[in-house]
$ cat work.tsv   # TSV, C-alpha atoms
chain	number	residue	atom	x	y	z
Y	1	MET	CA	9.29	45.23	10.76
Y	2	PHE	CA	11.28	43.89	7.85
Y	3	TYR	CA	12.64	45.46	4.72
Y	4	PHE	CA	11.05	43.84	1.67
Y	5	ILE	CA	13.12	43.42	-1.45
Y	6	ASN	CA	10.59	43.24	-4.23
Y	7	GLN	CA	11.69	40.18	-6.12
Y	8	SER	CA	14.46	37.70	-6.81
Y	9	TYR	CA	15.83	36.25	-10.02
Y	10	ILE	CA	15.98	32.47	-9.74
Y	11	GLY	CA	16.06	29.91	-12.53
Y	12	GLY	CA	15.35	32.58	-15.10
Y	13	LYS	CA	12.10	33.63	-13.42
Y	14	MET	CA	11.24	36.53	-11.18
Y	15	ARG	CA	9.89	35.59	-7.74
Y	16	LYS	CA	8.52	37.69	-4.90
Y	17	PHE	CA	10.57	37.43	-1.73
Y	18	THR	CA	8.70	36.42	1.40
Y	19	GLU	CA	9.25	37.93	4.83
Y	20	ASN	CA	11.62	35.07	5.65
Y	21	ASP	CA	13.91	36.05	2.79
Y	22	VAL	CA	14.84	39.52	3.87
Y	23	THR	CA	16.98	41.54	6.21
Y	24	PRO	CA	15.22	43.18	9.20
Y	25	GLU	CA	14.27	46.73	8.29
Y	26	HIS	CA	16.31	48.50	10.97
Y	27	ILE	CA	19.52	46.66	10.05
Y	28	PHE	CA	19.04	47.19	6.32
Y	29	PHE	CA	18.59	50.93	6.75
Y	30	GLU	CA	21.24	51.27	9.45
Y	31	ARG	CA	23.90	49.74	7.20
Y	32	ARG	CA	22.72	51.88	4.28
Y	33	LYS	CA	23.14	55.02	6.42
Y	34	LEU	CA	26.88	54.55	5.92
Y	35	ILE	CA	26.38	54.47	2.15
Y	36	GLN	CA	24.11	57.50	2.33
Y	37	ALA	CA	26.79	59.33	4.31
Y	38	MET	CA	29.13	58.77	1.38
Y	39	GLY	CA	26.70	60.82	-0.71
Y	40	VAL	CA	25.85	58.06	-3.14
Y	41	MET	CA	22.44	56.75	-2.09
Y	42	GLY	CA	20.32	59.06	-4.20
Y	43	ALA	CA	20.96	57.28	-7.51
Y	44	ALA	CA	21.35	53.75	-6.15
Y	45	SER	CA	18.15	52.69	-7.87
Y	46	LEU	CA	19.48	53.37	-11.36
Y	47	ILE	CA	19.36	50.20	-13.46
Y	48	PRO	CA	22.35	49.70	-15.78
Y	49	ASN	CA	22.10	48.48	-19.34
Y	50	ILE	CA	23.64	45.05	-18.78
Y	51	ALA	CA	22.47	41.78	-20.32
Y	52	GLN	CA	20.78	39.17	-18.13
Y	53	ALA	CA	21.04	35.43	-18.76
Y	54	ASN	CA	18.31	32.90	-18.03
Y	55	ASP	CA	20.76	30.01	-17.69
Y	56	ASP	CA	23.53	30.35	-15.15
Y	57	GLY	CA	25.64	27.70	-16.93
Y	58	ARG	CA	26.76	25.95	-13.74
Y	59	LYS	CA	28.61	22.67	-14.23
Y	60	VAL	CA	28.41	19.48	-12.16
Y	61	LEU	CA	31.54	18.81	-10.09
Y	62	SER	CA	33.22	15.66	-8.79
Y	63	PHE	CA	34.14	15.90	-5.11
Y	64	ALA	CA	34.38	14.07	-1.80
Y	65	LYS	CA	31.11	14.39	0.12
Y	66	ASP	CA	30.85	15.92	3.58
Y	67	ASN	CA	29.17	13.49	6.00
Y	68	ASN	CA	27.57	16.46	7.84
Y	69	SER	CA	28.52	15.12	11.25
Y	70	GLN	CA	26.85	18.12	12.91
Y	71	SER	CA	23.54	17.40	11.13
Y	72	LEU	CA	23.24	20.98	9.97
Y	73	VAL	CA	20.07	21.80	8.04
Y	74	LEU	CA	20.99	23.16	4.61
Y	75	THR	CA	19.57	26.44	3.38
Y	76	PRO	CA	17.47	25.87	0.23
Y	77	GLU	CA	19.60	26.32	-2.87
Y	78	ASN	CA	17.33	28.97	-4.35
Y	79	LYS	CA	17.90	31.14	-1.28
Y	80	VAL	CA	21.67	30.72	-1.48
Y	81	ILE	CA	21.85	31.77	-5.13
Y	82	GLY	CA	19.12	34.39	-4.95
Y	83	TYR	CA	19.96	36.39	-1.82
Y	84	ASN	CA	23.43	37.91	-1.89
Y	85	ASN	CA	25.63	40.86	-1.04
Y	86	PHE	CA	27.90	41.59	-4.02
Y	87	TYR	CA	27.94	45.37	-4.30
Y	88	GLU	CA	29.80	45.33	-7.61
Y	89	PHE	CA	26.39	44.31	-9.00
Y	90	GLY	CA	24.15	46.52	-6.87
Y	91	LEU	CA	23.06	47.11	-3.29
Y	92	ALA	CA	19.82	45.13	-3.07
Y	93	LYS	CA	19.99	41.40	-2.36
Y	94	GLU	CA	18.40	40.34	-5.65
Y	95	MET	CA	20.62	42.48	-7.89
Y	96	PRO	CA	23.67	40.17	-8.05
Y	97	ALA	CA	21.52	37.32	-9.37
Y	98	LYS	CA	20.16	39.66	-12.04
Y	99	TYR	CA	23.35	41.30	-13.24
Y	100	ALA	CA	26.35	39.10	-12.39
Y	101	SER	CA	25.76	36.85	-15.41
Y	102	ALA	CA	27.48	39.54	-17.49
Y	103	MET	CA	30.77	38.73	-15.74
Y	104	LYS	CA	32.94	36.44	-17.85
Y	105	THR	CA	34.33	33.63	-15.65
Y	106	GLU	CA	36.13	31.58	-18.34
Y	107	PRO	CA	39.03	31.81	-18.82
Y	108	TRP	CA	40.07	32.94	-15.34
Y	109	THR	CA	43.52	33.27	-13.86
Y	110	LEU	CA	44.56	33.64	-10.23
Y	111	ARG	CA	47.88	35.31	-9.45
Y	112	VAL	CA	49.65	34.37	-6.19
Y	113	GLU	CA	52.65	36.53	-5.35
Y	114	GLY	CA	54.42	38.55	-2.65
Y	115	GLU	CA	56.37	36.88	0.13
Y	116	VAL	CA	56.61	33.51	-1.60
Y	117	GLU	CA	59.46	31.46	-3.06
Y	118	LYS	CA	57.55	30.58	-6.23
Y	119	PRO	CA	55.07	33.23	-7.41
Y	120	MET	CA	52.64	31.64	-9.83
Y	121	THR	CA	49.68	32.39	-12.07
Y	122	PHE	CA	47.09	29.61	-12.05
Y	123	ASP	CA	44.36	28.79	-14.52
Y	124	VAL	CA	41.50	28.32	-12.06
Y	125	HIS	CA	39.75	25.66	-14.09
Y	126	GLN	CA	42.96	23.66	-14.33
Y	127	LEU	CA	43.50	24.20	-10.62
Y	128	MET	CA	40.10	22.61	-9.98
Y	129	LYS	CA	41.44	19.46	-11.64
Y	130	GLN	CA	44.85	19.64	-9.99
Y	131	LEU	CA	43.67	19.89	-6.38
Y	132	PRO	CA	41.11	17.33	-5.13
Y	133	LEU	CA	37.76	18.95	-4.39
Y	134	GLU	CA	35.76	18.28	-1.24
Y	135	GLU	CA	32.43	19.38	0.12
Y	136	ARG	CA	32.36	21.42	3.33
Y	137	ILE	CA	28.99	22.10	4.95
Y	138	TYR	CA	29.52	25.32	6.86
Y	139	ARG	CA	27.46	27.84	8.77
Y	140	PHE	CA	27.50	31.26	7.09
Y	141	ARG	CA	26.85	34.37	9.20
Y	142	CYS	CA	26.37	37.81	7.67
Y	143	VAL	CA	27.29	40.90	9.68
Y	144	GLU	CA	23.69	42.01	9.04
Y	145	ALA	CA	22.54	39.31	11.53
Y	146	TRP	CA	21.18	36.70	9.13
Y	147	SER	CA	22.59	33.24	8.53
Y	148	MET	CA	22.60	30.26	6.18
Y	149	VAL	CA	24.07	26.75	6.04
Y	150	ILE	CA	25.83	26.17	2.72
Y	151	PRO	CA	27.43	23.04	1.19
Y	152	TRP	CA	30.53	24.61	-0.34
Y	153	ILE	CA	32.85	22.69	-2.67
Y	154	GLY	CA	36.53	23.52	-2.90
Y	155	PHE	CA	39.97	22.95	-1.40
Y	156	GLU	CA	41.84	24.27	1.61
Y	157	LEU	CA	43.66	27.53	0.98
Y	158	ASN	CA	46.77	26.09	2.62
Y	159	LYS	CA	47.06	23.58	-0.24
Y	160	LEU	CA	47.32	26.39	-2.77
Y	161	LEU	CA	49.78	28.32	-0.63
Y	162	ALA	CA	51.96	25.23	-0.30
Y	163	LEU	CA	52.49	25.35	-4.06
Y	164	VAL	CA	54.01	28.84	-3.88
Y	165	GLN	CA	55.98	28.24	-0.66
Y	166	PRO	CA	55.46	31.24	1.67
Y	167	THR	CA	58.61	32.81	3.09
Y	168	SER	CA	59.21	33.51	6.77
Y	169	LYS	CA	58.26	37.15	6.12
Y	170	ALA	CA	54.68	36.20	5.17
Y	171	LYS	CA	52.51	37.36	8.08
Y	172	TYR	CA	49.30	38.19	6.19
Y	173	VAL	CA	47.45	37.14	3.05
Y	174	ALA	CA	45.73	39.80	0.92
Y	175	PHE	CA	42.98	39.04	-1.60
Y	176	GLU	CA	41.64	41.07	-4.52
Y	177	THR	CA	38.40	40.76	-6.50
Y	178	LEU	CA	38.07	41.25	-10.23
Y	179	TYR	CA	37.91	44.89	-11.31
Y	180	ASP	CA	35.80	45.16	-14.46
Y	181	PRO	CA	33.70	48.32	-14.88
Y	182	GLU	CA	32.28	47.02	-18.16
Y	183	THR	CA	30.49	44.09	-16.54
Y	184	MET	CA	30.21	45.34	-12.94
Y	185	PRO	CA	27.72	48.22	-12.75
Y	186	GLY	CA	28.63	48.97	-9.15
Y	187	VAL	CA	32.24	49.51	-10.14
Y	188	LYS	CA	31.40	51.62	-13.18
Y	189	ASN	CA	28.85	53.75	-11.33
Y	190	PRO	CA	29.61	54.62	-7.68
Y	191	PHE	CA	25.93	55.38	-7.07
Y	192	PHE	CA	25.06	51.80	-7.99
Y	193	GLY	CA	27.89	50.20	-6.00
Y	194	GLY	CA	27.52	52.04	-2.72
Y	195	GLY	CA	30.53	54.29	-3.14
Y	196	LEU	CA	33.01	51.68	-1.95
Y	197	ILE	CA	36.58	51.80	-3.24
Y	198	TYR	CA	37.09	49.05	-5.81
Y	199	PRO	CA	38.54	46.56	-6.46
Y	200	TYR	CA	37.17	44.88	-3.33
Y	201	VAL	CA	40.03	43.70	-1.13
Y	202	GLU	CA	40.26	41.53	1.97
Y	203	GLY	CA	42.89	39.94	4.18
Y	204	LEU	CA	43.71	37.27	6.74
Y	205	THR	CA	46.61	36.57	9.03
Y	206	ILE	CA	48.86	33.79	7.77
Y	207	GLU	CA	47.66	31.59	10.65
Y	208	GLU	CA	44.03	32.09	9.61
Y	209	ALA	CA	44.87	31.43	5.97
Y	210	MET	CA	46.68	28.19	6.79
Y	211	HIS	CA	43.91	26.88	9.05
Y	212	PRO	CA	42.27	23.71	7.62
Y	213	LEU	CA	38.79	25.24	7.85
Y	214	THR	CA	39.74	28.08	5.48
Y	215	LEU	CA	38.49	27.16	2.03
Y	216	LEU	CA	38.82	28.38	-1.50
Y	217	SER	CA	35.42	27.49	-2.89
Y	218	VAL	CA	34.70	26.78	-6.56
Y	219	GLY	CA	31.19	25.42	-6.12
Y	220	LEU	CA	28.12	24.77	-4.01
Y	221	TYR	CA	25.26	22.30	-4.10
Y	222	GLY	CA	27.26	19.96	-6.33
Y	223	LYS	CA	27.91	22.46	-9.10
Y	224	THR	CA	30.25	25.31	-9.92
Y	225	LEU	CA	29.56	28.66	-8.29
Y	226	ALA	CA	26.96	30.94	-9.77
Y	227	PRO	CA	28.40	34.35	-10.70
Y	228	GLN	CA	26.48	36.06	-7.89
Y	229	ASN	CA	28.05	33.67	-5.38
Y	230	GLY	CA	31.57	34.63	-6.44
Y	231	ALA	CA	32.39	32.46	-9.44
Y	232	PRO	CA	34.72	30.99	-10.33
Y	233	ILE	CA	36.65	31.08	-7.02
Y	234	ARG	CA	36.00	32.72	-3.66
Y	235	LEU	CA	37.14	32.61	-0.06
Y	236	VAL	CA	35.14	30.89	2.69
Y	237	VAL	CA	36.17	31.44	6.32
Y	238	PRO	CA	33.26	30.04	8.34
Y	239	TRP	CA	34.07	31.68	11.68
Y	240	LYS	CA	34.11	35.21	10.23
Y	241	TYR	CA	31.36	37.54	9.07
Y	242	GLY	CA	30.37	37.21	5.43
Y	243	PHE	CA	32.09	40.35	4.13
Y	244	LYS	CA	35.46	38.67	4.81
Y	245	ASN	CA	34.53	35.92	2.33
Y	246	ILE	CA	35.75	37.76	-0.76
Y	247	LYS	CA	34.32	36.74	-4.14
Y	248	SER	CA	35.67	36.30	-7.68
Y	249	ILE	CA	39.32	36.45	-6.64
Y	250	VAL	CA	41.98	37.37	-9.19
Y	251	LYS	CA	44.99	37.97	-6.93
Y	252	ILE	CA	46.41	36.69	-3.66
Y	253	LYS	CA	49.44	38.43	-2.19
Y	254	LEU	CA	51.36	37.35	0.89
Y	255	THR	CA	52.65	40.34	2.83
Y	256	SER	CA	54.65	41.25	5.91
Y	257	GLU	CA	52.19	43.96	6.97
Y	258	GLN	CA	48.45	43.97	7.58
Y	259	PRO	CA	46.69	44.72	4.29
Y	260	VAL	CA	43.97	47.27	3.68
Y	261	THR	CA	40.47	45.77	3.55
Y	262	THR	CA	37.45	47.33	1.87
Y	263	TRP	CA	34.88	47.62	4.66
Y	264	ASN	CA	37.49	48.43	7.30
Y	265	GLN	CA	38.69	51.25	5.06
Y	266	ALA	CA	35.12	52.50	4.53
Y	267	ALA	CA	34.09	52.42	8.20
Y	268	PRO	CA	36.85	51.28	10.58
Y	269	GLN	CA	34.71	51.96	13.64
Y	270	GLU	CA	32.13	49.44	12.38
Y	271	TYR	CA	34.04	46.77	10.45
Y	272	GLY	CA	37.25	45.48	11.96
Y	273	PHE	CA	40.06	43.63	10.21
Y	274	TYR	CA	39.43	40.39	12.08
Y	275	ALA	CA	35.60	40.37	11.80
Y	276	ASN	CA	35.20	37.20	13.84
Y	277	VAL	CA	31.61	36.23	14.60
Y	278	ASN	CA	31.14	37.28	18.21
Y	279	PRO	CA	27.72	37.54	19.90
Y	280	THR	CA	29.21	39.54	22.80
Y	281	VAL	CA	30.46	42.37	20.57
Y	282	ASP	CA	27.61	44.23	18.91
Y	283	HIS	CA	27.80	46.20	15.72
Y	284	PRO	CA	27.63	49.87	16.75
Y	285	ARG	CA	24.11	50.07	15.36
Y	286	TRP	CA	22.60	46.62	15.99
Y	287	SER	CA	22.95	43.54	18.16
Y	288	GLN	CA	24.96	40.49	17.11
Y	289	ALA	CA	23.55	38.32	19.90
Y	290	THR	CA	21.05	36.55	17.63
Y	291	GLU	CA	20.59	35.86	13.95
Y	292	ARG	CA	17.70	35.32	11.56
Y	293	VAL	CA	17.98	31.93	9.92
Y	294	ILE	CA	17.29	31.95	6.18
Y	295	GLY	CA	15.22	28.78	5.75
Y	296	GLY	CA	12.58	27.26	3.56
Y	297	GLY	CA	9.59	28.80	5.29
Y	298	GLY	CA	7.41	31.74	4.37
Y	299	ILE	CA	6.04	34.63	6.38
Y	300	LEU	CA	5.19	32.38	9.33
Y	301	GLY	CA	8.53	30.59	9.20
Y	302	ILE	CA	10.74	33.34	10.62
Y	303	LYS	CA	13.27	31.84	12.99
Y	304	ARG	CA	15.85	33.52	15.19
Y	305	GLU	CA	18.62	31.68	16.97
Y	306	PRO	CA	21.36	32.71	19.38
Y	307	THR	CA	24.60	33.44	17.55
Y	308	LEU	CA	27.44	31.09	18.47
Y	309	MET	CA	30.93	32.30	19.34
Y	310	PHE	CA	33.11	32.07	16.23
Y	311	ASN	CA	29.92	30.96	14.45
Y	312	GLY	CA	30.10	27.55	16.15
Y	313	TYR	CA	33.78	26.92	15.37
Y	314	GLU	CA	35.21	28.09	18.70
Y	315	LYS	CA	36.84	24.76	19.50
Y	316	GLU	CA	38.72	24.77	16.21
Y	317	VAL	CA	39.85	28.40	15.99
Y	318	ALA	CA	39.83	30.11	19.41
Y	319	HIS	CA	43.52	29.33	19.91
Y	320	LEU	CA	44.35	31.64	16.97
Y	321	TYR	CA	43.35	34.61	19.13
Y	322	LYS	CA	44.80	33.63	22.49
Y	323	GLY	CA	45.72	36.74	24.43
Y	324	LEU	CA	43.95	39.03	21.95
Y	325	ASP	CA	41.27	41.41	23.23
Y	326	LEU	CA	38.39	40.55	20.88
Y	327	ARG	CA	36.58	43.78	21.73
Y	328	GLU	CA	39.52	45.85	20.59
Y	329	TYR	CA	40.50	43.58	17.71
Y	330	PHE	CA	36.98	43.02	16.39

$ encode --input "work.tsv" --output "structure tokens"
Amino acid sequence: MFYFINQSYIGGKMRKFTENDVTPEHIFFERRKLIQAMGVMGAASLIPNIAQANDDGRKVLSFAKDNNSQSLVLTPENKVIGYNNFYEFGLAKEMPAKYASAMKTEPWTLRVEGEVEKPMTFDVHQLMKQLPLEERIYRFRCVEAWSMVIPWIGFELNKLLALVQPTSKAKYVAFETLYDPETMPGVKNPFFGGGLIYPYVEGLTIEEAMHPLTLLSVGLYGKTLAPQNGAPIRLVVPWKYGFKNIKSIVKIKLTSEQPVTTWNQAAPQEYGFYANVNPTVDHPRWSQATERVIGGGGILGIKREPTLMFNGYEKEVAHLYKGLDLREYF
């Protein structure tokens, strides 16, 4: 059985989701049990009075193309922009595409501070011109056991951090999403946003942040990010579960101590700080051994594949966790 989300908002038109577009029923409801336990599920269906735009206003970008040496099959663009978790705009997968257009993404500044020699505030749109952009075709694995392949556009996080010069005390990197109750219904109304503590925050070790696979993305499919995908700038760490890939970032802070992260704070027994994709460590309420591939098919096109260790990036990143018990530090 699968949980059917009624419709998506793509290209200004409403479209029914097919069975291939949705999260398996038991996983959808299992994850929502946590939200229900917070006492906020009863009014989650309330629809806020927020304007919706027909045109997402995405701009064409100039960037170095990825040669896709692994021959990964891209997820259709309409699925990538129409099926999202962004609880600031609602719990159901189609809600971010409907409501995130109210979020103002220009102008946008990004503050980088903490254990750095040169704390700076960047204009993100100027930063996009300052640092050369490149395409990275990455696997994307949600903790809910579905996956995509997405052609992100951006620059390595380490290039931004080099500009602020981390000190020797910098052991972790903390990230913070925009906090705007006026445009984010899930922030303004805890019933609509799942009862999470906002602003949404995430973190990496300094070694993870400096790894060349770790990307700050400003676009996908050749254009700037849609609001529901985390415009204008978001984190992409391809070997970690999707909730680590924080969206619409306004602040980065380098710290000496492990930072608080949103889902780990909400349910530490279910969502660890590291959140590495690992098929041998199940979520307490569902298996992580396989994943449902979001593809271009319909009801008959459902495809499950074995989940790869570190989401297929084991060769590149396993050394970061040498000697670490991945069952304890999940």

$ atom_distance --input "work.tsv" --atom1 "CA of Glu117 (chain Y)" --atom2 "CA of Ser217 (chain Y)"
24.4 Å

$ closest_residue --input "work.tsv" --among "Y:Glu208, Y:Phe243, Y:Thr255, Y:Trp263" --to "Glu316 (chain Y)" --atoms "only C-alpha atoms"
Y:Glu208

$ atom_distance --input "work.tsv" --atom1 "CA of Glu305 (chain Y)" --atom2 "CA of Thr290 (chain Y)"
5.5 Å

$ closest_residue --input "work.tsv" --among "Y:Pro96, Y:Pro151, Y:Gly242, Y:Gly194" --to "Asn229 (chain Y)" --atoms "only C-alpha atoms"
Y:Pro96

$ closest_residue --input "work.tsv" --among "Y:Ser69, Y:Ser62, Y:Asn245, Y:Asn78" --to "Gly154 (chain Y)" --atoms "only C-alpha atoms"
Y:Ser62

$ residues_near_point --input "work.tsv" --point "(22.0, 43.4, 0.5)" --cutoff "9 Å" --atoms "all atoms listed in the file" --output "list of chain:residue names"
Y:Val22, Y:Thr23, Y:Phe28, Y:Tyr83, Y:Asn84, Y:Asn85, Y:Phe86, Y:Tyr87, Y:Gly90, Y:Leu91, Y:Ala92, Y:Lys93, Y:Glu94, Y:Met95, Y:Glu144

$ closest_residue --input "work.tsv" --among "Y:Lys118, Y:Trp146, Y:Glu135, Y:Ala102" --to "Gly295 (chain Y)" --atoms "only C-alpha atoms"
Y:Trp146

$ closest_residue --input "work.tsv" --among "Y:Leu127, Y:Val149, Y:Val143, Y:Ala170" --to "Glu270 (chain Y)" --atoms "only C-alpha atoms"
Y:Val143

$ residues_around --input "work.tsv" --residues "Gln126 (chain Y)" --least-positions-apart "5" --cutoff "10 Å" --atoms "all atoms listed in the file" --output "list in words"
Trp108, Thr109 and Leu131 of chain Y

$ closest_residue --input "work.tsv" --among "Y:Phe191, Y:Asn67, Y:Leu196, Y:Met148" --to "Tyr241 (chain Y)" --atoms "all atoms listed in the file"
Y:Met148
